[in-house]
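A.B. asks: Structure provided below as structure tokens; questions to follow.
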Amino acid sequence: MSSRKRVLIVECDAHARERLACALRASGHATVEAGTGRDALRSVQMEKPDLCVIGVVLPDIVGRDLARILESGDHGENVKTVLASGPGTPCDDRRDDTGEHRVFRWAHVDEVVTLINTVLDAGADVDASTLARPMTAGPLLIDPGRLTAVVDGKSIGLTRRECRFLQVLALNAERTCTRDEIRRLVWDESEKVIGRTVDVLVSRLRGKLHAATGREVVETVRGIGYRLCEAPGAPAGECDRQSPSDTR
């Protein structure tokens, strides 16, 4: 369902750049960083990124101009770009751009990760037939027909959404799924998902799994989203981790 991609982050704000890099690495992507437009042009030549995330304000080249250069191939490489404006960017530089390069304004890094996964098709929808079949991820077996998950030989009953949630994580086992992606993939389009609905679902599911096995299966990457533990079935408490420079 997803694959590892290389993303170049071009942002003069070192703190925002590091937040984005940490979130993208946690989501399974490789990252390259640049603080100026000229550094970005050099990195494109050397690193061959699949996508460039470009800040609107750069010290040497206007972000929109850099995006046009990279997408046109005038610098020798044709690269997909996303113009992004973080919470620290002055308001007069965050105005909507109704032209070719619209600015994506973000308040939290998981919004950017979701957008990048969409652009790269890393979080694409799954065919219904795939979700109807049993699937495994490490020692975890998910059976949507019976609405069960089997861990350590123990079967746990699931609701439809809990089952779909585990399937989404299993199909993206090499990366973190953001809360926005989970809302889109687990709930129907007609359903309104507000507040901490995703977190409540995860909390209840974890309670079921832990009561049955005494082990953790779902890992929280704080400030970004959820993923399966690298070794599902690890002792409780070993899987939660903090994403550097970011809290929710």
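Ordered as shown in the structure tokens, chains take letters A, B, and onward, while each chain numbers its residues from 1 and ligands are numbered from 1 in the order shown.
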Got a sec: who's within 10 Å of segment 29-38 of chain A, counting only C-alpha atoms, leaving out chain neighbours fewer than 2 positions off, as a PyMOL selection string?

C.D. replies: chain A and resi 2-14+17-18+20-27+40-44+47-55+57-63+65-67+113+117+122+174-176

A.B. asks: Please report the interatomic distance between atom CA of Arg161 of chain A and atom CA of Val186 of chain A in Å with one decimal.

C.D. replies: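 Between these atoms lies a distance of 6.2 Å.
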
A.B. asks: Looking only at alpha helix (DSSP H) from DSSP on the backbone, list the matching residues of segment 19-197 of chain A as a count of residues only.

C.D. replies: 65

A.B. asks: Of the candidates A:Arg184, A:Asn172, A:Glu162, A:Arg105, which shows the shortest atom-to-atom distance to Arg204 of chain A, using only C-alpha atoms?

C.D. replies: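 The closest residue to Arg204 of chain A is A:Glu162.
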
A.B. asks: Name the closest residue to Ile116 of chain A among the candidates A:Val150, A:Cys177, A:Ala128, A:Leu158; distances are taken between atoms, counting only C-alpha atoms.

C.D. replies: A:Cys177

A.B. asks: Taking only C-alpha atoms into account, which of A:Thr114, A:Ser129, A:Thr220, A:Thr213 comes nearest Gly145 of chain A?

C.D. replies: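 That would be A:Ser129, the residue with the smallest distance to Gly145 of chain A.
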
A.B. asks: Which residue is closest to Pro134 of chain A? Choose from A:Ile69, A:Val200, A:Ile182, A:Leu147 and count only C-alpha atoms.

C.D. replies: A:Leu147

A.B. asks: Determine the nearest neighbour of Ala173 of chain A from the options A:Gly157, A:Gly195, A:Gly225, A:Gly138, counting only C-alpha atoms.

C.D. replies: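 When distances to Ala173 of chain A are compared using only C-alpha atoms, the smallest one comes from A:Gly138.
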